[in-house]
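Shown below: my_file.cif, with mmCIF, C-alpha atoms.
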data_run
loop_
_atom_site.label_atom_id
_atom_site.label_comp_id
_atom_site.auth_asym_id
_atom_site.auth_seq_id
_atom_site.Cartn_x
_atom_site.Cartn_y
_atom_site.Cartn_z
CA MET J 1 0.00 0.00 0.00
CA THR J 2 1.60 3.28 -1.08
CA GLU J 3 1.67 6.43 1.00
CA SER J 4 -0.57 8.24 -1.56
CA ASN J 5 -3.33 5.81 -0.72
CA GLU J 6 -3.39 6.81 2.93
CA ILE J 7 -6.14 9.09 4.23
CA SER J 8 -4.73 12.53 5.00
CA ALA J 9 -5.54 14.35 8.23
CA GLU J 10 -7.52 16.92 6.24
CA VAL J 11 -9.69 14.28 4.54
CA SER J 12 -10.17 12.44 7.83
CA ALA J 13 -11.31 15.66 9.52
CA ARG J 14 -13.74 16.39 6.67
CA ILE J 15 -15.24 12.89 6.87
CA CYS J 16 -15.61 13.12 10.65
CA SER J 17 -17.19 16.57 10.41
CA HIS J 18 -19.71 15.27 7.89
CA MET J 19 -20.60 12.29 10.08
CA ASN J 20 -20.81 14.28 13.32
CA ASP J 21 -22.83 17.15 11.86
CA GLY J 22 -25.09 15.28 9.46
CA HIS J 23 -25.42 11.77 10.88
CA ALA J 24 -25.48 12.12 14.66
CA SER J 25 -27.83 9.16 15.08
CA SER J 26 -25.47 6.91 13.13
CA VAL J 27 -22.43 8.11 15.10
CA HIS J 28 -24.25 7.53 18.40
CA ALA J 29 -25.26 3.99 17.36
CA MET J 30 -21.72 3.26 16.17
CA ALA J 31 -20.35 4.50 19.51
CA ILE J 32 -22.74 2.17 21.34
CA ALA J 33 -21.62 -0.73 19.14
CA SER J 34 -17.95 0.11 19.73
CA GLN J 35 -18.17 -0.40 23.48
CA LYS J 36 -16.11 -3.32 24.65
CA SER J 37 -18.48 -4.18 27.51
CA ASP J 38 -21.62 -6.27 27.00
CA VAL J 39 -24.48 -3.92 26.08
CA THR J 40 -27.14 -6.52 25.42
CA SER J 41 -28.38 -7.15 28.96
CA ASN J 42 -30.05 -3.75 29.29
CA TYR J 43 -29.82 -2.25 25.85
CA ASN J 44 -32.64 0.30 26.27
CA ASN J 45 -30.68 2.11 29.00
CA ASN J 46 -27.38 1.76 27.13
CA TRP J 47 -28.63 3.91 24.26
CA THR J 48 -28.93 6.85 26.66
CA SER J 49 -25.95 6.01 28.88
CA ILE J 50 -23.54 7.84 26.56
CA LYS J 51 -23.57 11.36 25.18
CA ASN J 52 -21.50 13.65 22.98
CA ALA J 53 -20.55 10.77 20.67
CA GLN J 54 -18.04 11.94 18.06
CA MET J 55 -16.09 10.30 15.27
CA THR J 56 -12.59 11.69 15.73
CA SER J 57 -10.55 10.13 12.92
CA VAL J 58 -10.73 7.71 10.02
CA SER J 59 -8.00 5.62 8.41
CA LEU J 60 -7.91 2.77 5.94
CA LYS J 61 -7.84 0.33 8.85
CA SER J 62 -10.31 1.76 11.35
CA TYR J 63 -12.21 4.72 12.73
CA LYS J 64 -11.98 6.23 16.20
CA MET J 65 -14.94 7.12 18.43
CA SER J 66 -15.03 9.40 21.47
CA TYR J 67 -17.98 9.72 23.85
CA VAL J 68 -18.92 10.49 27.44
CA LYS J 69 -20.24 7.48 29.32
CA CYS J 70 -22.26 7.98 32.48
CA ASP J 71 -23.04 5.46 35.21
CA GLU J 72 -25.46 7.18 37.57
CA ASP J 73 -23.55 10.29 38.72
CA MET J 74 -20.13 9.14 37.48
CA CYS J 75 -19.17 10.22 33.94
CA SER J 76 -15.96 9.63 32.01
CA THR J 77 -14.70 10.21 28.47
CA GLU J 78 -13.87 7.05 26.56
CA GLU J 79 -12.25 6.46 23.19
CA ASN J 80 -12.45 3.35 21.03
CA ASP J 81 -10.55 2.39 17.91
CA VAL J 82 -12.94 0.33 15.78
CA PRO J 83 -11.26 -1.79 13.05
CA PHE J 84 -12.91 -2.31 9.70
CA ASP J 85 -13.68 -5.88 8.67
CA ALA J 86 -10.87 -5.60 6.12
CA VAL J 87 -8.19 -3.00 5.42
CA LEU J 88 -9.36 -0.62 2.71
CA LEU J 89 -7.28 -0.33 -0.45
CA LYS J 90 -7.98 3.36 -1.10
CA PRO J 91 -9.73 6.35 0.49
CA ALA J 92 -12.69 6.00 -1.88
CA GLY J 93 -13.64 2.85 0.00
CA VAL J 94 -14.33 4.76 3.24
CA LYS J 95 -17.83 5.93 2.32
CA PRO J 96 -19.30 2.49 1.51
CA GLN J 97 -17.53 1.05 4.57
CA LEU J 98 -19.03 3.68 6.89
CA ILE J 99 -22.44 3.06 5.34
CA ALA J 100 -22.00 -0.63 6.15
CA GLU J 101 -21.00 0.29 9.72
CA HIS J 102 -24.15 2.45 9.96
CA HIS J 103 -26.38 -0.47 8.95
CA LYS J 104 -24.56 -2.87 11.29
CA ALA J 105 -24.85 -0.54 14.28
CA LEU J 106 -28.56 0.10 13.68
CA THR J 107 -29.56 -3.54 13.13
CA PRO J 108 -31.07 -4.80 16.40
CA LYS J 109 -30.91 -8.31 17.83
CA LEU J 110 -34.17 -10.13 18.48
CA SER J 111 -32.54 -11.56 21.60
CA TRP J 112 -32.96 -8.09 23.16
CA MET J 113 -36.60 -9.10 23.57
CA VAL J 114 -35.60 -11.28 26.51
CA THR J 115 -32.12 -10.06 27.54
CA ASP J 116 -33.33 -6.55 28.34
CA GLN J 117 -35.26 -6.36 31.61
CA SER J 118 -38.02 -3.98 30.52
CA ASN J 119 -38.46 -5.78 27.21
CA PHE J 120 -38.67 -9.14 28.96
CA THR J 121 -41.32 -7.87 31.40
CA VAL J 122 -43.59 -6.47 28.69
CA SER J 123 -43.19 -9.38 26.27
CA SER J 124 -43.75 -11.92 29.07
CA PHE J 125 -47.01 -10.31 30.21
CA LEU J 126 -48.18 -10.13 26.60
CA ALA J 127 -47.29 -13.79 26.01
CA LEU J 128 -49.09 -14.87 29.19
CA GLY J 129 -52.15 -12.87 28.18
CA LEU J 130 -52.21 -14.45 24.74
CA MET J 131 -51.81 -17.89 26.29
CA TYR J 132 -54.70 -17.25 28.69
CA CYS J 133 -56.94 -16.07 25.82
CA ALA J 134 -56.02 -19.11 23.75
CA LEU J 135 -56.67 -21.62 26.55
CA THR J 136 -60.05 -20.09 27.40
CA SER J 137 -61.25 -19.93 23.80
CA ALA J 138 -64.20 -22.09 22.74
CA ALA J 139 -62.06 -23.92 20.19
CA ILE J 140 -59.36 -25.04 22.64
CA GLU J 141 -61.29 -25.67 25.86
CA PRO J 142 -62.99 -28.97 24.81
CA VAL J 143 -59.61 -30.69 24.35
CA LEU J 144 -58.13 -29.54 27.65
CA PRO J 145 -57.79 -31.97 30.59
CA ASP J 146 -60.14 -31.50 33.54
CA ASP J 147 -57.44 -30.28 35.92
CA MET J 148 -56.44 -27.49 33.52
CA ILE J 149 -60.09 -26.47 33.10
CA SER J 150 -60.40 -26.31 36.89
CA MET J 151 -57.32 -24.10 37.02
CA LEU J 152 -58.77 -21.78 34.38
CA ILE J 153 -62.03 -21.54 36.32
CA PHE J 154 -59.96 -20.61 39.37
CA LEU J 155 -58.26 -17.90 37.27
CA GLY J 156 -61.61 -16.40 36.36
CA LYS J 157 -62.59 -18.08 33.11
CA ASP J 158 -66.30 -17.92 33.96
CA THR J 159 -66.23 -14.32 35.26
CA ASN J 160 -65.49 -10.91 33.84
CA THR J 161 -61.75 -11.62 34.24
CA LYS J 162 -61.63 -13.35 30.84
CA LEU J 163 -63.32 -10.36 29.17
CA TYR J 164 -60.95 -7.88 30.81
CA VAL J 165 -57.88 -9.91 29.87
CA GLU J 166 -59.04 -10.26 26.26
CA ARG J 167 -59.68 -6.52 25.95
CA LEU J 168 -56.34 -5.68 27.54
CA VAL J 169 -54.47 -8.04 25.21
CA MET J 170 -56.27 -6.71 22.13
CA PHE J 171 -55.62 -3.11 23.14
CA THR J 172 -51.94 -3.88 23.76
CA LEU J 173 -51.52 -5.63 20.42
CA PHE J 174 -53.31 -2.84 18.59
CA SER J 175 -51.19 -0.12 20.22
CA HIS J 176 -47.99 -2.08 19.58
CA LEU J 177 -49.04 -2.51 15.94
CA LEU J 178 -49.54 1.23 15.54
CA GLU J 179 -46.15 1.84 17.16
CA GLY J 180 -44.67 -0.73 14.79
CA PHE J 181 -45.90 1.17 11.73
CA PHE J 182 -44.48 4.37 13.22
CA VAL J 183 -41.11 2.67 13.78
CA VAL J 184 -41.09 1.40 10.19
CA TYR J 185 -41.56 5.00 9.07
CA LEU J 186 -38.68 6.15 11.30
CA CYS J 187 -36.41 3.38 10.04
CA LYS J 188 -37.02 4.03 6.35
CA SER J 189 -37.40 7.82 6.22
CA LYS J 190 -35.18 9.01 9.09
CA LEU J 191 -32.56 6.39 9.96
CA LYS J 192 -32.27 5.02 6.42
CA VAL J 193 -31.77 1.37 7.38
CA GLY J 194 -32.46 -1.70 5.26
CA ASN J 195 -35.43 -4.03 5.16
CA LEU J 196 -33.86 -6.62 7.49
CA ALA J 197 -33.11 -4.09 10.22
CA THR J 198 -36.55 -2.50 9.79
CA SER J 199 -38.24 -5.89 10.11
CA LYS J 200 -36.33 -6.66 13.30
CA TRP J 201 -37.23 -3.30 14.85
CA PHE J 202 -40.88 -3.91 13.90
CA LEU J 203 -40.92 -7.34 15.56
CA LEU J 204 -39.28 -5.94 18.70
CA VAL J 205 -41.88 -3.18 18.91
CA LEU J 206 -44.72 -5.64 18.31
CA ALA J 207 -43.56 -7.61 21.35
CA THR J 208 -42.30 -4.82 23.63
CA GLY J 209 -44.08 -1.64 22.51
CA PHE J 210 -42.87 1.67 23.89
CA CYS J 211 -39.78 0.08 25.48
CA THR J 212 -38.33 -0.19 21.98
CA THR J 213 -40.13 2.74 20.32
CA ARG J 214 -38.47 5.20 22.71
CA THR J 215 -35.04 3.96 21.61
CA LEU J 216 -35.72 4.71 17.95
CA TRP J 217 -37.28 8.06 18.82
CA PHE J 218 -34.23 8.94 20.92
CA LEU J 219 -31.93 8.23 17.96
CA VAL J 220 -34.06 10.22 15.51
CA ARG J 221 -34.11 13.23 17.84
CA LEU J 222 -30.30 13.31 17.87
CA ASP J 223 -30.41 14.66 14.31
CA LYS J 224 -32.98 17.36 15.11
CA PRO J 225 -30.66 20.02 16.61
CA LYS J 226 -28.67 20.10 13.37
CA ILE J 227 -31.86 20.35 11.30
CA LYS J 228 -33.06 23.27 13.44
CA GLU J 229 -29.68 25.02 13.14
CA ASP J 230 -29.78 24.75 9.35
CA ALA J 231 -33.32 26.12 9.31
CA LYS J 232 -32.29 29.16 11.40
CA GLU J 233 -29.32 29.89 9.13
CA LYS J 234 -31.63 29.95 6.12
#
Please express the file's structure as structure tokens.
Amino acid sequence: MTESNEISAEVSARICSHMNDGHASSVHAMAIASQKSDVTSNYNNNWTSIKNAQMTSVSLKSYKMSYVKCDEDMCSTEENDVPFDAVLLKPAGVKPQLIAEHHKALTPKLSWMVTDQSNFTVSSFLALGLMYCALTSAAIEPVLPDDMISMLIFLGKDTNTKLYVERLVMFTLFSHLLEGFFVVYLCKSKLKVGNLATSKWFLLVLATGFCTTRTLWFLVRLDKPKIKEDAKEK
């Protein structure tokens, strides 16, 4: 690799300025992904546990991230050097590589549905509600053993409990579905992620609702200050 193929400090600064000023949500997500600690056990809180995420330099081998990480009242500045999957051959390869990093950082894991505490609580209650509605339905009840029917009667199958549970489950599913459509809109029009990532966000929202929606909304709002600044300048 010749020296002329290296990324100059001027070009690196221009790339970082473009990312920091125009793609704050991407930079924040990439900073989250760059953390060496495990961020999957409580991912909803991890999205807001850092601030002032900045891309500080780019080379053919990696990019560097700087951010302030807070744990309750304790905050510290951290820096991570994130290697590319393969060394780039020329500076022109930086843009497609950073786009790939953007998509990777903003593609969620379905395992967050159970590894995150708030997600697990909401999805568990929804699953239990669906199970209760299924077991008390007219189609399923005739094939159930007597001891299970007795248990369902104890849980309120023959009272208003069944009606309340059904209405609560239907309302929850309907509200989660509306949130899911909103998240699809955010993914495609604001965050510019692919169909796979959008589908995963939709499924997470369908199961966990606002616990996941707030994460996407938080990321989208990171780009708003820059949009407002540009509007004032005009």
Check what the PyMOL selection byres ((chain J and resi 119) around 9) selects in the file above and give those residues as an mmCIF file with C-alpha atoms, in the frame of the given file.
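New file part-v1.cif:
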data_model
loop_
_atom_site.group_PDB
_atom_site.id
_atom_site.type_symbol
_atom_site.label_atom_id
_atom_site.label_comp_id
_atom_site.auth_asym_id
_atom_site.auth_seq_id
_atom_site.Cartn_x
_atom_site.Cartn_y
_atom_site.Cartn_z
ATOM 1 C CA ASN J 42 -30.050 -3.750 29.290
ATOM 2 C CA ASN J 44 -32.640 0.300 26.270
ATOM 3 C CA TRP J 112 -32.960 -8.090 23.160
ATOM 4 C CA MET J 113 -36.600 -9.100 23.570
ATOM 5 C CA VAL J 114 -35.600 -11.280 26.510
ATOM 6 C CA THR J 115 -32.120 -10.060 27.540
ATOM 7 C CA ASP J 116 -33.330 -6.550 28.340
ATOM 8 C CA GLN J 117 -35.260 -6.360 31.610
ATOM 9 C CA SER J 118 -38.020 -3.980 30.520
ATOM 10 C CA PHE J 120 -38.670 -9.140 28.960
ATOM 11 C CA THR J 121 -41.320 -7.870 31.400
ATOM 12 C CA VAL J 122 -43.590 -6.470 28.690
ATOM 13 C CA SER J 123 -43.190 -9.380 26.270
ATOM 14 C CA SER J 124 -43.750 -11.920 29.070
ATOM 15 C CA LEU J 204 -39.280 -5.940 18.700
ATOM 16 C CA ALA J 207 -43.560 -7.610 21.350
ATOM 17 C CA THR J 208 -42.300 -4.820 23.630
ATOM 18 C CA GLY J 209 -44.080 -1.640 22.510
ATOM 19 C CA CYS J 211 -39.780 0.080 25.480
ATOM 20 C CA THR J 212 -38.330 -0.190 21.980
#
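What separates atom CA of J:Lys190 from atom CA of J:Gly22 is a distance of 11.9 Å.
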Could you list the residues chosen by the PyMOL selection byres ((chain J and resi 20) around 12) in this structure as a ChimeraX atom specification?
-> /J:13-19,21-31,52-57,65-67,222-223,225-226
Point-to-point distance in Å for atom CA of J:Lys192 and atom CA of J:Ile32 =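 These atoms are spaced 17.9 Å apart.
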For J:Ile50, the nearest of the candidates J:Val169, J:Ala33, J:Cys70, J:Leu186, counting only C-alpha atoms =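 Closest candidate: J:Cys70.
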For the structure provided, state which residues fall under the PyMOL selection byres ((chain J and resi 194-198) around 12), and present them as a PyMOL selection string.
-> chain J and resi 99-100+102-110+180-193+199-205+216
Which value, in Å to one decimal, gives the distance between atom CA of J:Tyr164 and atom CA of J:Glu179?
->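 Here the two named atoms are 22.4 Å from each other.
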